[in-house]
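A short write-up of the structure that comes next.
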Amino acid sequence: MQNIPRMKILHDASADTQIASDSLWDAGDLGCGDLVMALRVKLNAMPGKVLELIARDAGAREDIPAYCRMTGHQLLQADTTAARYWIRARVPA
């Protein structure tokens with residue numbers, strides 16, 4: 001039988017926990033390029049703070065975690081069922 005890597009579950013949508021955010025941004029249906037460019041500006045303007053992001057584009061569930069890994073921002077929680085992501089903006093060195 002072939003070993004298939006499993007994706008890490010960041011958040012169980014049935015859990016009652018919710019992270020407090022400093023700012024909320026509803027990105028609507030913005031696609032990958034536009035979403036990531038606008039997200040970059042927002043997160044760079046709020047170092048150390050938490051952004052609650054609503055992103056309904058189908059690619060966001062893969063794009064947001066990848067963007068955070070590549071840029072050093074911390075994805076605290078993701079509820080892909082509700083299209084919500086909580087991201088702590090990195091603090092520049």
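Every chain in the structure tokens takes a letter, A first, then B, and so on in the order presented; its residues are numbered from 1, and the ligands are numbered from 1 following the presented order.
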
Test item: residues at most 12 Å from A:Leu43, only C-alpha atoms, excluding those fewer than 3 positions along its chain, as a PyMOL selection string
chain A and resi 22-25+35-40+46-53+67-68+71-75+86-92

Output file for the residues above (N, CA and C atoms, as a tab-separated table (two decimals), in the first residue's frame):
chain	number	residue	atom	x	y	z
A	22	ASP	N	-7.16	41.72	15.63
A	22	ASP	CA	-6.99	43.17	15.71
A	22	ASP	C	-7.68	43.86	14.54
A	23	SER	N	-7.87	43.12	13.47
A	23	SER	CA	-8.46	43.69	12.27
A	23	SER	C	-9.19	42.59	11.49
A	24	LEU	N	-10.23	42.97	10.77
A	24	LEU	CA	-10.99	42.04	9.94
A	24	LEU	C	-10.97	42.56	8.51
A	25	TRP	N	-10.68	41.66	7.57
A	25	TRP	CA	-10.71	42.01	6.16
A	25	TRP	C	-11.50	40.97	5.40
A	35	LEU	N	-5.41	38.70	-4.27
A	35	LEU	CA	-5.55	38.40	-2.85
A	35	LEU	C	-4.20	38.50	-2.15
A	36	VAL	N	-3.20	37.85	-2.70
A	36	VAL	CA	-1.87	37.82	-2.07
A	36	VAL	C	-1.23	39.21	-2.05
A	37	MET	N	-1.39	39.97	-3.11
A	37	MET	CA	-0.80	41.32	-3.14
A	37	MET	C	-1.45	42.23	-2.09
A	38	ALA	N	-2.76	42.19	-1.99
A	38	ALA	CA	-3.45	43.01	-1.00
A	38	ALA	C	-3.16	42.52	0.42
A	39	LEU	N	-3.08	41.21	0.60
A	39	LEU	CA	-2.76	40.64	1.91
A	39	LEU	C	-1.38	41.07	2.36
A	40	ARG	N	-0.44	41.11	1.44
A	40	ARG	CA	0.93	41.53	1.76
A	40	ARG	C	0.93	42.94	2.34
A	46	MET	N	0.74	45.90	9.83
A	46	MET	CA	0.30	45.59	11.20
A	46	MET	C	1.19	44.54	11.86
A	47	PRO	N	2.50	44.79	11.99
A	47	PRO	CA	3.41	43.79	12.56
A	47	PRO	C	2.99	43.35	13.96
A	48	GLY	N	2.99	42.03	14.16
A	48	GLY	CA	2.67	41.44	15.46
A	48	GLY	C	1.19	41.34	15.76
A	49	LYS	N	0.37	41.92	14.94
A	49	LYS	CA	-1.08	41.91	15.18
A	49	LYS	C	-1.74	40.78	14.40
A	50	VAL	N	-2.98	40.49	14.76
A	50	VAL	CA	-3.72	39.38	14.15
A	50	VAL	C	-4.78	39.92	13.19
A	51	LEU	N	-4.75	39.40	11.97
A	51	LEU	CA	-5.73	39.74	10.95
A	51	LEU	C	-6.68	38.57	10.79
A	52	GLU	N	-7.97	38.85	10.87
A	52	GLU	CA	-8.98	37.84	10.54
A	52	GLU	C	-9.36	38.09	9.09
A	53	LEU	N	-9.12	37.10	8.26
A	53	LEU	CA	-9.33	37.22	6.82
A	53	LEU	C	-10.50	36.34	6.40
A	67	TYR	N	1.26	30.98	1.41
A	67	TYR	CA	1.76	32.35	1.51
A	67	TYR	C	2.38	32.59	2.90
A	68	CYS	N	1.70	32.13	3.93
A	68	CYS	CA	2.21	32.32	5.30
A	68	CYS	C	3.54	31.58	5.49
A	71	THR	N	6.37	33.55	3.69
A	71	THR	CA	6.66	34.92	4.12
A	71	THR	C	6.96	35.07	5.60
A	72	GLY	N	6.74	34.02	6.39
A	72	GLY	CA	7.03	34.11	7.81
A	72	GLY	C	5.88	34.60	8.67
A	73	HIS	N	4.72	34.87	8.05
A	73	HIS	CA	3.54	35.20	8.85
A	73	HIS	C	3.02	33.89	9.44
A	74	GLN	N	2.34	33.98	10.57
A	74	GLN	CA	1.89	32.78	11.27
A	74	GLN	C	0.39	32.57	11.07
A	75	LEU	N	0.05	31.46	10.43
A	75	LEU	CA	-1.36	31.10	10.29
A	75	LEU	C	-1.78	30.46	11.60
A	86	TRP	N	-7.06	33.21	10.42
A	86	TRP	CA	-6.51	34.14	11.40
A	86	TRP	C	-4.99	34.08	11.24
A	87	ILE	N	-4.39	35.24	10.94
A	87	ILE	CA	-2.98	35.31	10.63
A	87	ILE	C	-2.31	36.35	11.52
A	88	ARG	N	-1.22	35.93	12.21
A	88	ARG	CA	-0.41	36.90	12.97
A	88	ARG	C	0.70	37.41	12.04
A	89	ALA	N	0.72	38.72	11.84
A	89	ALA	CA	1.72	39.33	10.96
A	89	ALA	C	3.09	39.24	11.61
A	90	ARG	N	4.07	38.90	10.82
A	90	ARG	CA	5.43	38.78	11.35
A	90	ARG	C	5.95	40.16	11.74
A	91	VAL	N	6.87	40.15	12.69
A	91	VAL	CA	7.52	41.38	13.13
A	91	VAL	C	8.86	41.42	12.43
A	92	PRO	N	9.12	42.47	11.65
A	92	PRO	CA	10.41	42.54	10.95
A	92	PRO	C	11.57	42.54	11.93

Name the residues of chain A that come out as strand (DSSP E) in a backbone DSSP run; write them as a list of chain:residue names.
A:Ser23, A:Leu24, A:Trp25, A:Asp26, A:Ala27, A:Gly28, A:Val50, A:Leu51, A:Glu52, A:Leu53, A:Ile54, A:Ala55, A:Gln74, A:Leu75, A:Leu76, A:Gln77, A:Ala78, A:Asp79, A:Arg84, A:Tyr85, A:Trp86, A:Ile87, A:Arg88

Residue subset to file, keeping C-alpha atoms, as a PDB file, in the first residue's frame:
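Now in result_24.pdb:
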ATOM      1  CA  SER A  23      -8.465  43.691  12.271  1.00  0.00           C
ATOM      2  CA  LEU A  24     -10.992  42.038   9.942  1.00  0.00           C
ATOM      3  CA  TRP A  25     -10.712  42.014   6.156  1.00  0.00           C
ATOM      4  CA  ASP A  26     -13.356  40.533   3.896  1.00  0.00           C
ATOM      5  CA  ALA A  27     -11.478  39.836   0.659  1.00  0.00           C
ATOM      6  CA  GLY A  28     -14.599  38.407  -0.944  1.00  0.00           C
ATOM      7  CA  VAL A  50      -3.722  39.377  14.146  1.00  0.00           C
ATOM      8  CA  LEU A  51      -5.729  39.743  10.952  1.00  0.00           C
ATOM      9  CA  GLU A  52      -8.978  37.842  10.543  1.00  0.00           C
ATOM     10  CA  LEU A  53      -9.328  37.217   6.822  1.00  0.00           C
ATOM     11  CA  ILE A  54     -12.462  36.123   4.976  1.00  0.00           C
ATOM     12  CA  ALA A  55     -11.453  34.744   1.572  1.00  0.00           C
ATOM     13  CA  GLN A  74       1.887  32.783  11.273  1.00  0.00           C
ATOM     14  CA  LEU A  75      -1.364  31.104  10.287  1.00  0.00           C
ATOM     15  CA  LEU A  76      -2.964  30.715  13.707  1.00  0.00           C
ATOM     16  CA  GLN A  77      -6.220  29.125  12.656  1.00  0.00           C
ATOM     17  CA  ALA A  78      -8.087  28.267   9.476  1.00  0.00           C
ATOM     18  CA  ASP A  79     -11.753  27.452   9.155  1.00  0.00           C
ATOM     19  CA  ARG A  84     -11.950  32.389   7.574  1.00  0.00           C
ATOM     20  CA  TYR A  85      -8.256  32.571   8.415  1.00  0.00           C
ATOM     21  CA  TRP A  86      -6.505  34.136  11.399  1.00  0.00           C
ATOM     22  CA  ILE A  87      -2.976  35.306  10.625  1.00  0.00           C
ATOM     23  CA  ARG A  88      -0.408  36.905  12.969  1.00  0.00           C
TER      24      ARG A  88
END

Quick check, in Å to one decimal: how far apart do atom CA of A:Ala93 and atom CA of A:Gly31 lie?
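Interatomic distance here is 29.9 Å.
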
Just asking: which residues within stretch 3-82 of chain A are helix (DSSP H, G or I) according to DSSP, as a list of chain:residue names?
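Across stretch 3-82 of chain A, those assigned helix (DSSP H, G or I) are A:Cys32, A:Gly33, A:Asp34, A:Leu35, A:Val36, A:Met37, A:Ala38, A:Leu39, A:Arg40, A:Val41, A:Lys42, A:Leu43, A:Asn44, A:Ala60, A:Arg61, A:Glu62, A:Asp63, A:Ile64, A:Pro65, A:Ala66, A:Tyr67, A:Cys68, A:Arg69, A:Met70, A:Thr71.
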
Non-local contacts of stretch 59-62 of chain A (8 Å; only C-alpha atoms; under 3 positions in same chain excluded) as a list in words:
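Counting only the stated atoms, we get Gly31, Cys32, Ala55, Arg56, Pro65, Ala66, Thr80 and Ala83 of chain A.
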
When you draw a straight line from atom CA of A:Ile19 to atom CA of A:Met70, how long is it in Å?
22.4 Å
